[in-house]
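Here's coords-v1.tsv, which has TSV, C-alpha atoms:
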chain	number	residue	atom	x	y	z
A	14	MET	CA	52.82	1.08	-23.17
A	15	VAL	CA	49.29	-0.03	-22.28
A	16	ILE	CA	49.58	-3.57	-23.67
A	17	PRO	CA	52.56	-4.64	-21.49
A	18	SER	CA	50.82	-3.29	-18.39
A	19	LEU	CA	47.64	-5.26	-19.10
A	20	HIS	CA	49.71	-8.34	-19.85
A	21	LYS	CA	51.54	-7.96	-16.53
A	22	LEU	CA	48.23	-7.71	-14.63
A	23	LYS	CA	46.95	-10.87	-16.33
A	24	ILE	CA	50.10	-12.72	-15.27
A	25	GLN	CA	49.65	-11.51	-11.68
A	26	ASP	CA	46.00	-12.60	-11.69
A	27	ARG	CA	46.92	-16.02	-12.99
A	28	ASN	CA	49.71	-16.44	-10.46
A	29	GLN	CA	47.48	-15.48	-7.53
A	30	TYR	CA	44.73	-17.86	-8.66
A	31	GLU	CA	47.29	-20.71	-8.68
A	32	TYR	CA	47.11	-20.71	-4.86
A	33	THR	CA	43.45	-21.66	-4.76
A	34	LYS	CA	42.63	-23.34	-8.05
A	35	ASN	CA	42.80	-26.84	-6.55
A	36	ILE	CA	40.14	-26.35	-3.88
A	37	THR	CA	36.72	-27.89	-4.49
A	38	GLU	CA	33.71	-25.84	-5.52
A	39	ARG	CA	31.97	-26.69	-2.23
A	40	LYS	CA	34.90	-25.41	-0.19
A	41	ARG	CA	35.14	-22.32	-2.38
A	42	LEU	CA	31.45	-21.61	-1.75
A	43	LEU	CA	31.81	-22.09	2.01
A	44	ILE	CA	34.76	-19.68	2.13
A	45	PHE	CA	32.79	-17.15	0.07
A	46	LEU	CA	29.74	-17.42	2.36
A	47	ASN	CA	31.89	-16.97	5.46
A	48	ILE	CA	33.50	-13.89	3.93
A	49	VAL	CA	30.15	-12.37	2.96
A	50	ILE	CA	28.57	-13.06	6.36
A	51	SER	CA	31.50	-11.50	8.22
A	52	CYS	CA	31.31	-8.39	6.01
A	53	ILE	CA	27.53	-8.16	6.50
A	54	ALA	CA	28.01	-8.30	10.27
A	55	SER	CA	30.74	-5.65	10.18
A	56	SER	CA	28.67	-3.40	7.91
A	57	MET	CA	25.69	-3.67	10.25
A	58	LEU	CA	27.82	-2.57	13.18
A	59	SER	CA	28.62	0.69	11.40
A	60	THR	CA	24.98	1.88	11.50
A	61	ALA	CA	23.31	-0.28	14.17
A	62	LEU	CA	24.07	2.13	17.01
A	63	THR	CA	22.20	4.95	15.26
A	64	ALA	CA	18.89	3.61	16.59
A	65	ALA	CA	20.40	2.69	19.96
A	66	LEU	CA	22.04	6.06	20.58
A	67	PRO	CA	19.26	7.51	22.84
A	68	ALA	CA	19.36	4.44	25.07
A	69	ILE	CA	23.17	4.51	25.23
A	70	VAL	CA	23.21	8.21	26.08
A	71	ALA	CA	20.75	7.67	28.93
A	72	ASP	CA	22.52	4.57	30.26
A	73	LEU	CA	26.07	5.95	30.17
A	74	LYS	CA	24.92	9.43	31.27
A	75	ILE	CA	26.63	11.32	28.46
A	76	SER	CA	25.53	14.06	26.08
A	77	VAL	CA	24.20	13.35	22.61
A	78	THR	CA	27.23	15.09	21.08
A	79	THR	CA	29.57	12.78	22.98
A	80	GLY	CA	27.48	9.73	22.15
A	81	GLN	CA	27.67	10.45	18.43
A	82	TRP	CA	31.38	9.68	18.57
A	83	LEU	CA	30.43	6.01	18.95
A	84	THR	CA	29.19	6.05	15.34
A	85	SER	CA	31.34	8.74	13.71
A	86	GLY	CA	34.49	7.54	15.50
A	87	TYR	CA	33.80	4.02	14.30
A	88	SER	CA	33.52	5.18	10.69
A	89	LEU	CA	36.68	7.27	11.02
A	90	ALA	CA	38.76	4.42	12.47
A	91	MET	CA	37.48	1.98	9.87
A	92	GLY	CA	38.25	4.46	7.09
A	93	VAL	CA	41.84	4.73	8.33
A	94	MET	CA	42.27	0.96	8.70
A	95	MET	CA	41.06	-0.08	5.25
A	96	PRO	CA	43.83	1.59	3.21
A	97	LEU	CA	46.37	0.59	5.87
A	98	THR	CA	45.43	-3.03	5.19
A	99	ALA	CA	46.93	-2.66	1.71
A	100	PHE	CA	50.30	-2.25	3.43
A	101	LEU	CA	49.74	-4.93	6.08
A	102	ILE	CA	48.77	-7.55	3.52
A	103	THR	CA	52.22	-7.29	1.93
A	104	ARG	CA	53.93	-7.85	5.30
A	105	PHE	CA	51.91	-10.65	6.91
A	106	PRO	CA	50.45	-13.95	5.67
A	107	THR	CA	46.83	-13.65	4.59
A	108	ARG	CA	45.45	-16.20	7.04
A	109	ARG	CA	47.21	-14.70	10.05
A	110	LEU	CA	46.11	-11.16	9.21
A	111	TYR	CA	42.51	-12.18	8.56
A	112	LEU	CA	42.27	-14.06	11.84
A	113	ALA	CA	43.75	-11.03	13.60
A	114	GLY	CA	40.92	-8.95	12.15
A	115	LEU	CA	38.37	-11.45	13.45
A	116	LEU	CA	39.99	-11.42	16.89
A	117	LEU	CA	39.89	-7.62	17.06
A	118	SER	CA	36.21	-7.58	16.10
A	119	ILE	CA	35.29	-10.24	18.65
A	120	SER	CA	37.28	-8.46	21.37
A	121	GLY	CA	35.47	-5.21	20.60
A	122	LEU	CA	32.09	-6.91	20.84
A	123	VAL	CA	32.92	-8.46	24.21
A	124	VAL	CA	34.13	-5.14	25.63
A	125	CYS	CA	31.00	-3.36	24.34
A	126	VAL	CA	28.78	-5.83	26.21
A	127	ILE	CA	30.49	-5.10	29.54
A	128	ALA	CA	31.49	-1.45	28.97
A	129	PRO	CA	30.80	0.53	32.20
A	130	ASN	CA	31.42	4.00	30.75
A	131	PHE	CA	31.90	5.97	27.54
A	132	SER	CA	35.71	5.70	27.45
A	133	VAL	CA	35.67	1.90	27.51
A	134	MET	CA	32.83	1.85	25.00
A	135	MET	CA	34.75	4.12	22.64
A	136	LEU	CA	37.84	1.94	22.92
A	137	ALA	CA	35.72	-1.12	22.09
A	138	ARG	CA	34.26	0.62	19.04
A	139	ILE	CA	37.77	1.44	17.80
A	140	LEU	CA	38.75	-2.22	18.23
A	141	GLN	CA	35.69	-3.24	16.22
A	142	ALA	CA	36.46	-0.70	13.51
A	143	GLY	CA	40.08	-1.83	13.26
A	144	GLY	CA	39.12	-5.48	12.90
A	145	ASN	CA	36.25	-4.79	10.53
A	146	GLY	CA	38.44	-2.54	8.39
A	147	ILE	CA	40.90	-5.40	7.94
A	148	LEU	CA	38.12	-7.88	7.19
A	149	THR	CA	36.37	-5.64	4.66
A	150	ALA	CA	39.53	-4.81	2.73
A	151	MET	CA	40.92	-8.35	2.81
A	152	SER	CA	37.59	-9.90	1.84
A	153	GLN	CA	37.86	-8.32	-1.59
A	154	VAL	CA	41.41	-9.64	-1.96
A	155	LEU	CA	40.39	-13.18	-0.95
A	156	ILE	CA	37.42	-13.22	-3.30
A	157	LEU	CA	39.50	-11.97	-6.22
A	158	SER	CA	42.22	-14.55	-5.54
A	159	MET	CA	39.73	-17.42	-5.05
A	160	PHE	CA	37.78	-17.13	-8.27
A	161	PRO	CA	39.00	-17.29	-11.87
A	162	ALA	CA	38.74	-14.10	-13.92
A	163	GLU	CA	35.48	-15.13	-15.61
A	164	ASN	CA	33.67	-15.61	-12.26
A	165	ARG	CA	34.97	-12.61	-10.36
A	166	GLY	CA	32.30	-10.22	-11.61
A	167	SER	CA	29.49	-12.43	-10.32
A	168	ALA	CA	31.20	-13.04	-6.96
A	169	MET	CA	31.93	-9.35	-6.41
A	170	GLY	CA	28.36	-8.50	-7.43
A	171	TRP	CA	26.86	-10.72	-4.72
A	172	TYR	CA	29.42	-9.41	-2.26
A	173	GLY	CA	28.57	-5.79	-3.06
A	174	LEU	CA	24.83	-6.41	-2.86
A	175	SER	CA	25.09	-8.02	0.58
A	176	VAL	CA	27.45	-5.45	2.06
A	177	GLY	CA	25.45	-2.56	0.60
A	178	ALA	CA	22.11	-3.76	1.97
A	179	ALA	CA	23.34	-4.53	5.50
A	180	PRO	CA	23.81	-0.93	6.73
A	181	VAL	CA	20.31	-0.06	5.48
A	182	ILE	CA	18.45	-2.69	7.50
A	183	ALA	CA	20.74	-2.56	10.56
A	184	PRO	CA	19.08	0.46	12.28
A	185	THR	CA	15.64	-1.16	12.00
A	186	LEU	CA	16.84	-4.45	13.49
A	187	ALA	CA	18.78	-2.60	16.19
A	188	GLY	CA	15.71	-0.55	17.10
A	189	ILE	CA	13.64	-3.70	17.55
A	190	ILE	CA	16.34	-5.28	19.74
A	191	VAL	CA	16.64	-2.14	21.89
A	192	ASP	CA	12.86	-1.94	22.38
A	193	CYS	CA	12.59	-5.61	23.33
A	194	PHE	CA	15.78	-5.97	25.37
A	195	SER	CA	18.56	-3.35	25.70
A	196	TRP	CA	21.26	-1.74	23.60
A	197	ARG	CA	23.84	-4.23	24.89
A	198	ALA	CA	21.76	-7.02	23.36
A	199	ILE	CA	22.84	-5.79	19.90
A	200	PHE	CA	26.38	-6.95	20.61
A	201	VAL	CA	25.24	-10.07	22.47
A	202	CYS	CA	23.24	-11.16	19.39
A	203	LEU	CA	26.23	-10.65	17.07
A	204	LEU	CA	28.79	-12.30	19.35
A	205	PRO	CA	27.76	-15.95	18.63
A	206	LEU	CA	27.85	-15.20	14.91
A	207	TRP	CA	31.40	-13.85	15.13
A	208	LEU	CA	32.51	-16.82	17.24
A	209	ARG	CA	30.99	-19.17	14.68
A	210	LEU	CA	32.85	-17.36	11.92
A	211	TRP	CA	36.09	-17.73	13.87
A	212	VAL	CA	35.63	-21.48	14.38
A	213	GLY	CA	34.29	-22.08	10.88
A	214	ARG	CA	36.99	-20.07	9.14
A	215	LEU	CA	40.03	-21.88	10.58
A	216	PRO	CA	39.84	-25.06	8.46
A	217	TYR	CA	39.31	-23.18	5.20
A	218	LEU	CA	41.80	-20.35	5.55
A	219	LYS	CA	44.71	-22.79	5.74
A	220	ILE	CA	44.87	-22.68	1.94
A	221	PHE	CA	46.02	-19.06	2.26
A	222	TRP	CA	48.59	-19.79	4.98
A	223	ARG	CA	51.62	-19.60	2.70
A	224	GLN	CA	50.20	-16.82	0.59
A	225	ARG	CA	51.58	-13.30	0.94
A	226	PRO	CA	49.92	-11.64	-2.06
A	227	LYS	CA	52.14	-8.64	-2.84
A	228	GLY	CA	50.70	-8.41	-6.32
A	229	LEU	CA	47.13	-8.09	-5.09
A	230	THR	CA	47.38	-4.68	-3.45
A	231	HIS	CA	46.30	-3.00	-6.66
A	232	TYR	CA	42.84	-4.56	-6.18
A	233	LEU	CA	42.27	-2.34	-3.14
A	234	PHE	CA	42.58	0.79	-5.23
A	235	CYS	CA	41.43	-0.23	-8.73
As structure tokens - that is how I would like this structure written.
Amino acid sequence: MVIPSLHKLKIQDRNQYEYTKNITERKRLLIFLNIVISCIASSMLSTALTAALPAIVADLKISVTTGQWLTSGYSLAMGVMMPLTAFLITRFPTRRLYLAGLLLSISGLVVCVIAPNFSVMMLARILQAGGNGILTAMSQVLILSMFPAENRGSAMGWYGLSVGAAPVIAPTLAGIIVDCFSWRAIFVCLLPLWLRLWVGRLPYLKIFWRQRPKGLTHYLFC
């Protein structure tokens, strides 16, 4: 019973790689770098507000307990969105869904910059978490479908290293930004990066336009 299952997975892997096997190595590298950078930025947003929380609490005139929802609520919304992406990816084309995740993240950043009160700020953080949850989950799918089986371990290793290190250094960088400027500057600094990712991603994601990878959902849970 085990051998047919493994054989079926190999066939699925080979079929999914057929979509992207004809792209050049340079284009494959550029797509991979864009994916990693977007996931680093989204991972940093999950912990960056930890250092900025005192300044946010004072500026928005809220309690510390209420302010903590900006970090814990973000993690909760992102945790809900990531498994939901496994369903969405079977219903929408990969390119359209990924660009929707980018748009949600950018919208959340813009609203955070201009947020006048806690309610608007919380809504913006949920938008960010929703978009970043889609991006994080789909990034693994795109990487696994872009690379042949023999190169996936190396690609996922670099991806994991980058995404794992980002939340560690984010509070330090955020603290420096808050001391030099303000807590809103955290989102202002990240906004050009997200816009660049949006513009830079459009030409390369067209190779996934016709792809609706139903067979890849097992990657999200394996």
Give me the residues within 8 Å of stretch 58-75 of chain A as an mmCIF file with C-alpha atoms, keeping the file's coordinate frame, counting all atoms listed in the file and dropping any in the same chain fewer than 5 places off.
data_model
loop_
_atom_site.group_PDB
_atom_site.id
_atom_site.type_symbol
_atom_site.label_atom_id
_atom_site.label_comp_id
_atom_site.auth_asym_id
_atom_site.auth_seq_id
_atom_site.Cartn_x
_atom_site.Cartn_y
_atom_site.Cartn_z
ATOM 1 C CA GLY A 80 27.480 9.730 22.150
ATOM 2 C CA GLN A 81 27.670 10.450 18.430
ATOM 3 C CA LEU A 83 30.430 6.010 18.950
ATOM 4 C CA THR A 84 29.190 6.050 15.340
ATOM 5 C CA TYR A 87 33.800 4.020 14.300
ATOM 6 C CA SER A 88 33.520 5.180 10.690
ATOM 7 C CA PRO A 129 30.800 0.530 32.200
ATOM 8 C CA ASN A 130 31.420 4.000 30.750
ATOM 9 C CA PHE A 131 31.900 5.970 27.540
ATOM 10 C CA PRO A 180 23.810 -0.930 6.730
ATOM 11 C CA VAL A 181 20.310 -0.060 5.480
ATOM 12 C CA ALA A 183 20.740 -2.560 10.560
ATOM 13 C CA PRO A 184 19.080 0.460 12.280
ATOM 14 C CA THR A 185 15.640 -1.160 12.000
ATOM 15 C CA LEU A 186 16.840 -4.450 13.490
ATOM 16 C CA ALA A 187 18.780 -2.600 16.190
ATOM 17 C CA GLY A 188 15.710 -0.550 17.100
ATOM 18 C CA VAL A 191 16.640 -2.140 21.890
ATOM 19 C CA SER A 195 18.560 -3.350 25.700
ATOM 20 C CA TRP A 196 21.260 -1.740 23.600
ATOM 21 C CA ILE A 199 22.840 -5.790 19.900
#
Quick one: residues within 9 Å of A:Met91, all atoms listed in the file, excluding same-chain residues fewer than 3 positions away - as a short mmCIF file (atom, residue, chain, number, x, y, z; two decimals) with C-alpha atoms, in the coordinates of the input?
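As a result, out08.cif now contains:
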data_model
loop_
_atom_site.label_atom_id
_atom_site.label_comp_id
_atom_site.auth_asym_id
_atom_site.auth_seq_id
_atom_site.Cartn_x
_atom_site.Cartn_y
_atom_site.Cartn_z
CA GLY A 86 34.49 7.54 15.50
CA TYR A 87 33.80 4.02 14.30
CA SER A 88 33.52 5.18 10.69
CA MET A 94 42.27 0.96 8.70
CA MET A 95 41.06 -0.08 5.25
CA ILE A 139 37.77 1.44 17.80
CA GLN A 141 35.69 -3.24 16.22
CA ALA A 142 36.46 -0.70 13.51
CA GLY A 143 40.08 -1.83 13.26
CA GLY A 144 39.12 -5.48 12.90
CA ASN A 145 36.25 -4.79 10.53
CA GLY A 146 38.44 -2.54 8.39
CA ILE A 147 40.90 -5.40 7.94
#
(request) To one decimal in Å, tell me the separation between atom CA of A:Ser132 and atom CA of A:Ala179. (result) 27.2 Å
(message) Between A:Ala150, A:Ile119, A:Ile50, A:Val176, which residue has the minimum interatomic distance to A:Phe100, considering all atoms listed in the file?
(response)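 With all atoms listed in the file as the atom set, the closest residue is A:Ala150.
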(request) Please measure the separation of atom CA of A:Leu157 and atom CA of A:Leu117, giving the value in Å to one decimal. (result)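 That distance, rounded to one decimal, is 23.7 Å.
Nearest residue to A:Ile48 among A:Val133, A:Met159, A:Leu148, A:Leu204 is A:Leu148, counting only C-alpha atoms.
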(message) For a quick check of understanding, using only C-alpha atoms, which of A:Ile189, A:Ala178, A:Leu116, A:Leu43 has the smallest distance to A:Met57?
(response)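 Residue with the minimum atom-to-atom distance to A:Met57: A:Ala178.
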(request) To one decimal in Å, tell me the separation between atom CA of A:Thr98 and atom CA of A:Arg138. (result) 18.2 Å
(message) Under the rule that all atoms listed in the file are counted, which of A:Leu140, A:Met151, A:Ile190, A:Leu115 is the nearest residue to A:Leu97?
(response)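 Closest residue, counting all atoms listed in the file: A:Met151.
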(message) Under the rule that all atoms listed in the file are counted, which of A:Gln153, A:Ser167, A:Thr79, A:Ser158 is the nearest residue to A:Met134?
(response)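 Among the listed residues, A:Thr79 lies closest to A:Met134.
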(message) From the options A:Cys125, A:Ser51, A:Arg104, A:Met135, which residue's atoms come nearest to A:Arg209, counting all atoms listed in the file?
(response)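 Closest residue, counting all atoms listed in the file: A:Ser51.
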(message) Give me, as a ChimeraX atom specification, all polymer residues having an atom no more than 9 Å from A:Val123, counting only C-alpha atoms and skipping those fewer than 6 positions away in the same chain.
(response) /A:137,200-201,204
